[in-house]
$ cat query.cif   # mmCIF, C-alpha atoms
data_input
loop_
_atom_site.label_atom_id
_atom_site.label_comp_id
_atom_site.auth_asym_id
_atom_site.auth_seq_id
_atom_site.Cartn_x
_atom_site.Cartn_y
_atom_site.Cartn_z
CA MET A 1 -146.29 -118.48 -2.89
CA PRO A 2 -143.18 -119.04 -5.01
CA TRP A 3 -141.63 -116.37 -7.14
CA PRO A 4 -141.66 -117.39 -10.85
CA GLY A 5 -138.76 -119.68 -11.62
CA ARG A 6 -138.74 -121.53 -8.32
CA GLU A 7 -138.38 -125.27 -8.80
CA GLY A 8 -140.94 -127.55 -7.17
CA VAL A 9 -140.24 -131.15 -6.10
CA ALA A 10 -142.94 -133.74 -5.49
CA VAL A 11 -142.13 -136.86 -3.45
CA ALA A 12 -144.27 -140.01 -3.44
CA SER A 13 -143.71 -142.70 -0.80
CA SER A 14 -145.51 -145.47 -2.66
CA GLU A 15 -143.54 -147.42 -5.27
CA GLY A 16 -146.81 -148.27 -7.01
CA LEU A 17 -147.78 -144.61 -7.25
CA LEU A 18 -144.38 -143.73 -8.74
CA LYS A 19 -144.73 -146.48 -11.33
CA ALA A 20 -148.26 -145.41 -12.26
CA THR A 21 -147.16 -141.78 -12.57
CA ALA A 22 -144.25 -142.75 -14.82
CA GLU A 23 -146.52 -144.83 -17.06
CA SER A 24 -149.05 -141.99 -17.27
CA THR A 25 -146.28 -139.53 -18.18
CA ALA A 26 -144.97 -141.83 -20.89
CA ARG A 27 -148.42 -141.99 -22.49
CA ALA A 28 -149.12 -138.26 -22.18
CA PRO A 29 -149.13 -136.23 -25.40
CA ALA A 30 -146.13 -134.00 -25.88
CA ALA A 31 -146.12 -130.45 -24.58
CA ALA A 32 -146.53 -127.99 -27.46
CA VAL A 33 -144.05 -125.11 -27.49
CA ALA A 34 -144.12 -121.78 -29.33
CA LEU A 35 -140.95 -119.71 -29.64
CA LEU A 36 -141.31 -115.95 -29.93
CA GLY A 37 -138.06 -114.27 -30.96
CA PRO A 38 -135.83 -116.58 -33.05
CA GLY A 39 -132.81 -114.26 -32.75
CA ARG A 40 -129.43 -115.34 -31.40
CA VAL A 41 -130.83 -116.82 -28.19
CA GLY A 42 -133.87 -118.18 -30.00
CA ARG A 43 -131.76 -119.98 -32.58
CA ALA A 44 -129.74 -121.60 -29.80
CA LEU A 45 -133.04 -122.83 -28.35
CA LEU A 46 -134.16 -124.17 -31.73
CA SER A 47 -131.06 -126.33 -31.94
CA ARG A 48 -132.01 -127.95 -28.63
CA PHE A 49 -135.27 -129.23 -30.12
CA GLU A 50 -133.17 -131.07 -32.70
CA ARG A 51 -130.83 -132.58 -30.12
CA THR A 52 -133.36 -133.46 -27.43
CA GLN A 53 -135.80 -136.33 -27.55
CA GLY A 54 -138.71 -136.24 -25.13
CA ARG A 55 -142.12 -134.79 -24.44
CA LEU A 56 -141.59 -131.43 -26.18
CA ARG A 57 -142.84 -130.55 -29.65
CA LEU A 58 -142.06 -127.24 -31.32
CA ALA A 59 -145.38 -126.09 -32.77
CA ALA A 60 -144.77 -122.45 -33.68
CA VAL A 61 -141.96 -119.97 -34.33
CA ALA A 62 -142.58 -116.24 -34.73
CA ASN A 63 -140.64 -113.02 -35.02
CA SER A 64 -142.16 -109.54 -35.11
CA SER A 65 -143.35 -109.88 -38.71
CA GLU A 66 -143.64 -113.56 -39.68
CA MET A 67 -144.62 -116.85 -38.07
CA LEU A 68 -144.54 -120.54 -38.93
CA LEU A 69 -147.03 -123.01 -37.46
CA GLY A 70 -146.58 -126.79 -37.42
CA THR A 71 -146.74 -129.81 -35.16
CA ASP A 72 -143.12 -130.98 -34.85
CA LEU A 73 -140.83 -128.28 -36.22
CA ILE A 74 -137.04 -128.19 -36.09
CA GLU A 75 -134.62 -125.32 -36.74
CA PRO A 76 -134.25 -125.87 -40.53
CA ASP A 77 -138.03 -125.62 -40.86
CA TRP A 78 -137.81 -121.98 -39.75
CA SER A 79 -134.56 -120.88 -41.40
CA ALA A 80 -135.37 -122.54 -44.75
CA ALA A 81 -139.08 -121.71 -44.84
CA GLY A 82 -140.06 -119.61 -47.82
CA ALA A 83 -142.59 -116.83 -47.96
CA ASP A 84 -145.30 -119.32 -48.95
CA SER A 85 -144.74 -121.29 -45.71
CA ARG A 86 -144.72 -118.33 -43.33
CA THR A 87 -147.62 -116.04 -42.57
CA ASP A 88 -147.88 -112.60 -41.02
CA THR A 89 -147.40 -112.77 -37.27
CA ASP A 90 -150.71 -112.89 -35.44
CA LEU A 91 -150.23 -113.84 -31.79
CA ASP A 92 -153.95 -114.41 -31.26
CA GLN A 93 -153.94 -116.92 -34.11
CA LEU A 94 -150.78 -118.53 -32.74
CA VAL A 95 -152.37 -119.01 -29.32
CA HIS A 96 -155.53 -120.42 -30.89
CA TRP A 97 -153.33 -122.89 -32.81
CA LEU A 98 -151.59 -124.03 -29.62
CA GLU A 99 -154.84 -124.44 -27.74
CA GLY A 100 -156.24 -126.65 -30.49
CA LEU A 101 -153.39 -129.18 -30.34
CA ASP A 102 -153.69 -132.46 -28.44
CA CYS A 103 -150.97 -131.92 -25.86
CA SER A 104 -150.32 -132.12 -22.14
CA ARG A 105 -149.44 -128.42 -21.87
CA SER A 106 -148.99 -125.41 -24.15
CA ILE A 107 -145.86 -123.33 -23.49
CA ILE A 108 -144.88 -119.97 -24.94
CA ILE A 109 -141.21 -118.98 -24.83
CA ASP A 110 -140.78 -115.21 -24.89
CA ALA A 111 -137.22 -114.59 -26.09
CA THR A 112 -138.11 -111.09 -27.26
CA ALA A 113 -137.45 -107.72 -25.67
CA SER A 114 -140.90 -106.49 -26.64
CA PRO A 115 -143.12 -104.62 -24.16
CA GLU A 116 -146.09 -105.44 -26.40
CA VAL A 117 -145.46 -109.17 -26.04
CA ALA A 118 -144.85 -108.78 -22.29
CA ARG A 119 -148.28 -107.21 -21.85
CA ARG A 120 -149.83 -110.49 -23.03
CA HIS A 121 -148.24 -112.69 -20.36
CA ALA A 122 -151.03 -112.34 -17.78
CA GLY A 123 -153.70 -113.09 -20.37
CA TRP A 124 -151.86 -116.19 -21.57
CA LEU A 125 -151.57 -117.48 -18.01
CA LYS A 126 -155.27 -116.80 -17.44
CA ARG A 127 -156.06 -118.99 -20.48
CA GLY A 128 -154.04 -121.85 -18.99
CA LEU A 129 -150.87 -121.52 -21.07
CA ALA A 130 -147.40 -121.60 -19.52
CA VAL A 131 -144.91 -118.81 -20.19
CA VAL A 132 -141.11 -119.07 -20.06
CA THR A 133 -139.50 -115.69 -20.45
CA ALA A 134 -136.28 -113.72 -20.72
CA ASN A 135 -138.31 -110.58 -21.42
CA LYS A 136 -137.82 -108.16 -18.53
CA TRP A 137 -140.65 -105.84 -19.49
CA ALA A 138 -143.36 -107.94 -17.81
CA LEU A 139 -141.84 -108.21 -14.33
CA ALA A 140 -140.67 -104.57 -14.41
CA ALA A 141 -143.97 -103.27 -15.81
CA PRO A 142 -146.03 -100.43 -14.34
CA VAL A 143 -147.67 -101.40 -11.06
CA LEU A 144 -151.15 -102.32 -12.31
CA GLN A 145 -149.80 -104.49 -15.14
CA TRP A 146 -147.34 -106.13 -12.76
CA GLN A 147 -150.05 -106.85 -10.18
CA ALA A 148 -152.29 -108.47 -12.80
CA LEU A 149 -149.42 -110.74 -13.82
CA GLU A 150 -148.60 -111.56 -10.20
CA ARG A 151 -152.19 -112.63 -9.50
CA GLU A 152 -152.13 -115.07 -12.41
CA TRP A 153 -148.77 -116.73 -11.77
CA ARG A 154 -149.53 -117.26 -8.09
CA ARG A 155 -152.39 -119.54 -9.10
CA ASP A 156 -149.82 -121.99 -10.48
CA SER A 157 -146.22 -120.76 -10.23
CA ALA A 158 -144.84 -123.60 -12.37
CA ARG A 159 -146.56 -122.05 -15.39
CA TYR A 160 -144.45 -118.88 -15.20
CA GLN A 161 -140.68 -119.36 -15.40
CA ALA A 162 -138.67 -116.13 -15.35
CA SER A 163 -135.19 -117.01 -14.08
CA ALA A 164 -133.68 -115.90 -17.41
CA THR A 165 -134.73 -112.28 -16.79
CA VAL A 166 -131.92 -111.67 -14.26
CA GLY A 167 -128.43 -113.13 -14.36
CA ALA A 168 -129.01 -115.24 -17.47
CA GLY A 169 -130.44 -118.01 -15.30
CA LEU A 170 -128.28 -117.71 -12.18
CA PRO A 171 -130.37 -118.85 -9.16
CA VAL A 172 -131.09 -115.31 -8.00
CA LEU A 173 -134.88 -115.12 -8.06
CA SER A 174 -135.32 -118.58 -6.57
CA THR A 175 -132.88 -117.73 -3.76
CA LEU A 176 -134.76 -114.53 -2.92
CA ASP A 177 -137.99 -116.52 -2.86
CA ARG A 178 -136.61 -119.18 -0.54
CA LEU A 179 -135.23 -116.57 1.84
CA ARG A 180 -138.65 -114.92 2.04
CA GLN A 181 -140.35 -118.30 2.48
CA ALA A 182 -138.02 -118.87 5.44
CA GLY A 183 -139.15 -115.61 7.00
CA GLU A 184 -136.09 -113.52 6.16
CA ARG A 185 -136.60 -109.83 5.46
CA ILE A 186 -134.48 -108.86 2.49
CA GLU A 187 -132.95 -105.51 3.33
CA ALA A 188 -130.83 -104.71 0.27
CA VAL A 189 -129.78 -106.22 -3.04
CA GLY A 190 -127.09 -104.95 -5.39
CA GLY A 191 -124.24 -105.85 -7.63
CA ALA A 192 -123.06 -106.14 -11.21
CA LEU A 193 -126.21 -107.00 -13.15
CA SER A 194 -124.97 -106.64 -16.74
CA GLY A 195 -122.44 -109.09 -18.13
CA THR A 196 -121.88 -106.74 -21.04
CA MET A 197 -120.99 -103.84 -18.74
CA THR A 198 -118.74 -106.10 -16.64
CA HIS A 199 -116.80 -106.96 -19.80
CA ILE A 200 -116.44 -103.29 -20.71
CA CYS A 201 -115.57 -102.09 -17.19
CA ARG A 202 -112.86 -104.70 -16.70
CA GLN A 203 -111.17 -103.57 -19.89
CA VAL A 204 -111.48 -99.89 -18.99
CA SER A 205 -110.05 -100.61 -15.52
CA ALA A 206 -107.05 -102.22 -17.26
CA GLY A 207 -106.42 -99.05 -19.28
CA THR A 208 -108.46 -99.59 -22.43
CA LYS A 209 -110.45 -96.66 -23.76
CA PRO A 210 -114.23 -97.10 -23.26
CA SER A 211 -114.86 -96.83 -27.01
CA THR A 212 -112.36 -99.63 -27.69
CA ALA A 213 -113.81 -101.78 -24.91
CA LEU A 214 -117.28 -101.30 -26.35
CA ALA A 215 -116.06 -102.36 -29.79
CA SER A 216 -114.61 -105.50 -28.20
CA ALA A 217 -117.96 -106.30 -26.58
CA VAL A 218 -119.76 -105.81 -29.88
CA GLU A 219 -117.32 -108.13 -31.63
CA ALA A 220 -117.80 -110.77 -28.90
CA GLY A 221 -121.57 -110.68 -29.44
CA LEU A 222 -122.24 -109.43 -25.92
CA THR A 223 -124.13 -106.23 -26.74
CA GLU A 224 -127.59 -105.49 -28.00
CA PRO A 225 -127.83 -104.72 -31.74
CA ASP A 226 -127.89 -101.08 -30.62
CA PRO A 227 -125.19 -100.84 -27.90
CA ARG A 228 -126.87 -97.77 -26.44
CA HIS A 229 -129.37 -100.18 -24.88
CA ASP A 230 -126.50 -101.59 -22.81
CA LEU A 231 -124.91 -98.24 -21.97
CA ASP A 232 -128.05 -96.30 -21.01
CA GLY A 233 -128.56 -98.39 -17.85
CA LEU A 234 -132.27 -99.00 -18.40
CA ASP A 235 -131.85 -102.75 -18.87
CA VAL A 236 -130.09 -102.95 -15.50
CA ALA A 237 -132.76 -100.70 -13.99
CA ARG A 238 -135.45 -103.19 -15.09
CA LYS A 239 -133.46 -106.01 -13.48
CA LEU A 240 -133.23 -103.96 -10.29
CA VAL A 241 -137.00 -103.47 -10.26
CA ILE A 242 -137.46 -107.23 -10.72
CA LEU A 243 -135.06 -107.96 -7.84
CA ALA A 244 -136.74 -105.43 -5.56
CA ARG A 245 -140.20 -106.83 -6.23
CA ALA A 246 -138.92 -110.38 -5.73
CA SER A 247 -137.55 -109.18 -2.39
CA GLY A 248 -140.94 -107.90 -1.27
CA HIS A 249 -140.29 -104.20 -1.91
CA SER A 250 -142.39 -101.94 -4.08
CA LEU A 251 -140.20 -100.29 -6.71
CA THR A 252 -141.00 -98.82 -10.10
CA LEU A 253 -138.71 -97.98 -12.98
CA GLU A 254 -139.35 -94.28 -12.45
CA GLN A 255 -137.93 -94.52 -8.92
CA VAL A 256 -134.52 -95.76 -10.11
CA ASP A 257 -131.81 -93.11 -10.47
CA VAL A 258 -130.07 -94.10 -13.72
CA ASP A 259 -126.75 -92.56 -14.74
CA SER A 260 -126.64 -93.17 -18.49
CA LEU A 261 -123.27 -93.70 -20.17
CA VAL A 262 -124.63 -92.65 -23.56
CA PRO A 263 -123.42 -89.15 -24.50
CA PRO A 264 -126.50 -86.89 -24.81
CA GLU A 265 -125.52 -85.85 -28.32
CA LEU A 266 -125.55 -89.52 -29.43
CA ALA A 267 -128.72 -90.61 -27.62
CA ASP A 268 -130.98 -90.21 -30.65
CA GLY A 269 -130.71 -91.21 -34.28
CA PRO A 270 -129.68 -94.43 -36.03
CA VAL A 271 -127.08 -96.72 -34.53
CA GLU A 272 -124.66 -95.72 -37.30
CA HIS A 273 -124.74 -92.17 -35.94
CA PHE A 274 -123.77 -93.47 -32.50
CA VAL A 275 -120.93 -95.67 -33.82
CA SER A 276 -119.46 -92.86 -35.89
CA GLY A 277 -119.19 -90.59 -32.84
CA LEU A 278 -117.65 -92.93 -30.29
CA GLU A 279 -114.92 -90.46 -29.35
CA SER A 280 -117.68 -88.65 -27.43
CA LEU A 281 -118.18 -91.82 -25.37
CA ASP A 282 -114.67 -91.60 -23.93
CA LYS A 283 -115.21 -88.02 -22.72
CA HIS A 284 -118.69 -88.69 -21.32
CA TRP A 285 -117.49 -91.88 -19.58
CA GLN A 286 -114.78 -89.90 -17.77
CA ARG A 287 -117.35 -87.37 -16.58
CA CYS A 288 -119.42 -90.26 -15.18
CA VAL A 289 -116.34 -91.70 -13.43
CA ASP A 290 -115.53 -88.33 -11.88
CA LYS A 291 -118.91 -88.17 -10.13
CA ALA A 292 -119.21 -91.91 -9.36
CA PRO A 293 -119.40 -93.00 -5.70
CA GLY A 294 -116.41 -94.76 -4.17
CA SER A 295 -112.71 -94.03 -4.16
CA GLY A 296 -111.05 -97.07 -5.73
CA ALA A 297 -108.94 -97.22 -8.86
CA LEU A 298 -111.17 -99.78 -10.61
CA ILE A 299 -114.56 -99.27 -12.24
CA ALA A 300 -117.72 -101.37 -11.98
CA HIS A 301 -121.23 -100.88 -13.34
CA VAL A 302 -123.61 -101.50 -10.46
CA GLY A 303 -127.30 -101.51 -9.61
CA ARG A 304 -128.42 -101.28 -5.97
CA PHE A 305 -131.54 -100.75 -3.89
CA ASP A 306 -132.14 -100.51 -0.14
CA PRO A 307 -135.24 -100.46 2.08
CA SER A 308 -135.20 -96.65 2.25
CA GLY A 309 -136.41 -96.68 -1.34
CA LYS A 310 -133.12 -95.50 -2.78
CA ALA A 311 -132.24 -97.27 -6.02
CA ARG A 312 -129.40 -96.39 -8.36
CA VAL A 313 -127.75 -97.70 -11.54
CA GLY A 314 -124.38 -96.41 -12.70
CA LEU A 315 -120.62 -96.56 -12.35
CA GLU A 316 -118.87 -97.08 -9.01
CA ARG A 317 -115.20 -96.77 -8.16
CA ILE A 318 -114.09 -99.93 -6.36
CA GLU A 319 -110.98 -101.27 -4.63
CA PRO A 320 -109.06 -104.31 -5.97
CA GLY A 321 -109.99 -106.37 -2.89
CA GLN A 322 -113.75 -105.95 -3.32
CA LEU A 323 -115.86 -108.84 -4.57
CA LEU A 324 -116.92 -106.86 -7.63
CA ALA A 325 -113.28 -106.61 -8.67
CA SER A 326 -113.04 -110.42 -8.84
CA LEU A 327 -115.53 -110.77 -11.68
CA GLN A 328 -114.22 -112.35 -14.86
CA GLY A 329 -115.39 -112.04 -18.44
CA ALA A 330 -119.07 -111.13 -18.69
CA GLY A 331 -119.89 -112.09 -15.12
CA ASN A 332 -122.73 -111.06 -12.85
CA LEU A 333 -122.51 -110.77 -9.09
CA VAL A 334 -125.46 -110.22 -6.77
CA GLU A 335 -125.11 -109.40 -3.07
CA ILE A 336 -128.16 -110.07 -0.86
CA ARG A 337 -128.37 -108.62 2.65
CA THR A 338 -130.91 -109.89 5.20
CA GLY A 339 -131.09 -110.17 8.96
CA CYS A 340 -128.88 -113.27 8.80
CA TYR A 341 -126.69 -111.97 5.98
CA ARG A 342 -126.21 -108.38 7.13
CA GLU A 343 -122.50 -108.17 7.92
CA GLN A 344 -121.42 -110.61 5.23
CA PRO A 345 -123.87 -110.71 2.30
CA LEU A 346 -125.05 -113.81 0.50
CA VAL A 347 -123.32 -113.71 -2.88
CA ILE A 348 -124.40 -115.31 -6.16
CA ALA A 349 -121.98 -115.00 -9.07
CA GLY A 350 -121.44 -116.50 -12.51
CA PRO A 351 -121.87 -115.82 -16.22
CA GLY A 352 -124.39 -113.05 -16.72
CA ALA A 353 -124.45 -112.69 -20.49
CA GLY A 354 -124.14 -114.88 -23.53
CA VAL A 355 -126.32 -116.70 -25.96
CA GLU A 356 -125.83 -120.22 -24.66
CA VAL A 357 -126.32 -119.53 -20.94
CA THR A 358 -129.49 -117.55 -21.61
CA ALA A 359 -130.79 -120.25 -23.92
CA LEU A 360 -130.03 -122.84 -21.24
CA ALA A 361 -131.99 -120.84 -18.66
CA LEU A 362 -135.01 -120.73 -20.97
CA TRP A 363 -134.68 -124.41 -21.83
CA SER A 364 -134.58 -125.29 -18.14
CA GLY A 365 -137.75 -123.26 -17.62
CA VAL A 366 -139.46 -125.11 -20.46
CA GLN A 367 -138.55 -128.44 -18.87
CA LEU A 368 -139.87 -127.35 -15.47
CA SER A 369 -143.15 -126.15 -16.97
CA ALA A 370 -143.59 -129.25 -19.12
CA ASN A 371 -142.97 -131.62 -16.23
CA ALA A 372 -144.99 -129.79 -13.57
#
$ encode --input "query.cif" --output "structure tokens"
Amino acid sequence: MPWPGREGVAVASSEGLLKATAESTARAPAAAVALLGPGRVGRALLSRFERTQGRLRLAAVANSSEMLLGTDLIEPDWSAAGADSRTDTDLDQLVHWLEGLDCSRSIIIDATASPEVARRHAGWLKRGLAVVTANKWALAAPVLQWQALEREWRRDSARYQASATVGAGLPVLSTLDRLRQAGERIEAVGGALSGTMTHICRQVSAGTKPSTALASAVEAGLTEPDPRHDLDGLDVARKLVILARASGHSLTLEQVDVDSLVPPELADGPVEHFVSGLESLDKHWQRCVDKAPGSGALIAHVGRFDPSGKARVGLERIEPGQLLASLQGAGNLVEIRTGCYREQPLVIAGPGAGVEVTALALWSGVQLSANA
């Protein structure tokens, strides 16, 4: 069965059948979409509803505290809505609203980073809703929660689109799925899994202080609101768990050895406390470099796992001729080793961070779910 995010293609040999299907599709009610998380990525998605004509209707927008329900919303409806138009967020009420609409399919976009929202994915699928997600918490969840989700999406894989969880939509999960469908045993997966950390490491490798490189990433809009969530390695660890499970290996977050780049004295407290003490970052970063594997002069932030069960996230010292050294900007690079790709790995590379590419990955998932 396909991993979530794999595209399906149906082929009909009869011209009459194709014509009848097209006419039926044209008459079908629009798919109703709810957006959870109208932050930077969410707002980019909202603008696509304004620009795109078709079978999609935005029926709900919700953040952690407020929601707006309607039948054909556009971005200004959310940004300009007053307190009298919005209500307190109630996801059960939102789902009930979607299920009551006359539509071909109900789709929930999870553009949050909320573990509480992620825990609802399996239940939404069980009720017949589709879920398109960039939220890594669901696919990297504890084993029992993950298995419950897996059971539901395998009933109809088109209803769960998760390519945005790793590589901002690069065809990583679908490639792993196709390799497994072809009978390949995936032996190891690794690479640069954070576009933000690629941006920072490239600057540090060129001689910039880590604190200055981090400030540059913040200014470019590449970091989380709290940059410690990029530096602590846990986001990459969740991606590694997702990749391992997509490869057919059992891995939990607790099994990943994570070398955090956040100085211990700045790990707690408000983000202002962290920003005011960034000189500690430079010293802690150097300590992490000193113990990093490899012997090259350049630095990369890498996540890897192998069949022995060893999984690690942290800095590596790399040589200029290595593939990781070729990354530009906020790029991601994933190396996949199988029986056929053992000596020379299969490599997938491209933009791995950014509002627009992540929004595009989610939008593509919405289209696949709506048209399935």
$ residues_around --input "query.cif" --residues "Leu69 in chain A" --least-positions-apart "2" --cutoff "9 Å" --atoms "all atoms listed in the file" --output "list in words"
Ala34, Leu58, Ala59, Ala60, Val61, Ala62, Met67, Thr71, Leu73, Ser85, Arg86, Thr87, Leu94 and Trp97 of chain A
$ residues_around --input "query.cif" --residues "range 118-121 of chain A" --least-positions-apart "5" --cutoff "12 Å" --atoms "all atoms listed in the file" --output "PyMOL selection string"
chain A and resi 36+91-92+95+107-113+126-142+144-153+159-162
$ closest_residue --input "query.cif" --among "A:Ala215, A:Asp235, A:Gly248, A:Gly314" --to "Glu279 in chain A" --atoms "only C-alpha atoms"
A:Ala215
$ closest_residue --input "query.cif" --among "A:Val271, A:Leu45, A:Ala188, A:Ala325" --to "Pro307 in chain A" --atoms "only C-alpha atoms"
A:Ala188
$ residues_around --input "query.cif" --residues "Gly195 in chain A" --least-positions-apart "5" --cutoff "10 Å" --atoms "only C-alpha atoms" --output "list in words"
Gly167, Ala168, Ile200, Cys201, Ala217, Leu222, Thr223, Asp230, His301, Leu327, Gln328, Gly329, Ala330, Gly331, Asn332, Leu333, Gly350, Pro351, Gly352, Ala353 and Gly354 of chain A
$ resolve_selection --input "query.cif" --expression "the PyMOL selection byres ((chain A and resi 310) around 12)" --output "list of chain:residue names"
A:Glu187, A:Ala188, A:Val189, A:Gly190, A:Leu240, A:Val241, A:Ala244, A:His249, A:Ser250, A:Leu251, A:Thr252, A:Leu253, A:Glu254, A:Gln255, A:Val256, A:Asp257, A:Val258, A:Gly303, A:Arg304, A:Phe305, A:Asp306, A:Pro307, A:Ser308, A:Gly309, A:Ala311, A:Arg312, A:Val313
$ residues_around --input "query.cif" --residues "Cys103 in chain A" --least-positions-apart "5" --cutoff "10 Å" --atoms "all atoms listed in the file" --output "compact mmCIF listing (two decimals) with C-alpha atoms, in the frame of the given file"
# COMPACT_ATOMS: atom_id res chain seq x y z
CA ALA A 28 -149.12 -138.26 -22.18
CA PRO A 29 -149.13 -136.23 -25.40
CA ALA A 30 -146.13 -134.00 -25.88
CA ALA A 31 -146.12 -130.45 -24.58
CA ALA A 32 -146.53 -127.99 -27.46
CA VAL A 33 -144.05 -125.11 -27.49
CA ARG A 55 -142.12 -134.79 -24.44
CA LEU A 56 -141.59 -131.43 -26.18
CA ARG A 57 -142.84 -130.55 -29.65
CA LEU A 98 -151.59 -124.03 -29.62
$ resolve_selection --input "query.cif" --expression "the PyMOL selection byres ((chain A and resi 347) around 8)" --output "mmCIF file with C-alpha atoms, keeping the file's coordinate frame"
data_model
loop_
_atom_site.group_PDB
_atom_site.id
_atom_site.type_symbol
_atom_site.label_atom_id
_atom_site.label_comp_id
_atom_site.auth_asym_id
_atom_site.auth_seq_id
_atom_site.Cartn_x
_atom_site.Cartn_y
_atom_site.Cartn_z
ATOM 1 C CA LEU A 333 -122.510 -110.770 -9.090
ATOM 2 C CA VAL A 334 -125.460 -110.220 -6.770
ATOM 3 C CA GLU A 335 -125.110 -109.400 -3.070
ATOM 4 C CA ILE A 336 -128.160 -110.070 -0.860
ATOM 5 C CA PRO A 345 -123.870 -110.710 2.300
ATOM 6 C CA LEU A 346 -125.050 -113.810 0.500
ATOM 7 C CA ILE A 348 -124.400 -115.310 -6.160
ATOM 8 C CA ALA A 349 -121.980 -115.000 -9.070
#
$ residues_around --input "query.cif" --residues "Ala206 in chain A" --least-positions-apart "6" --cutoff "10 Å" --atoms "only C-alpha atoms" --output "PyMOL selection string"
chain A and resi 297-299
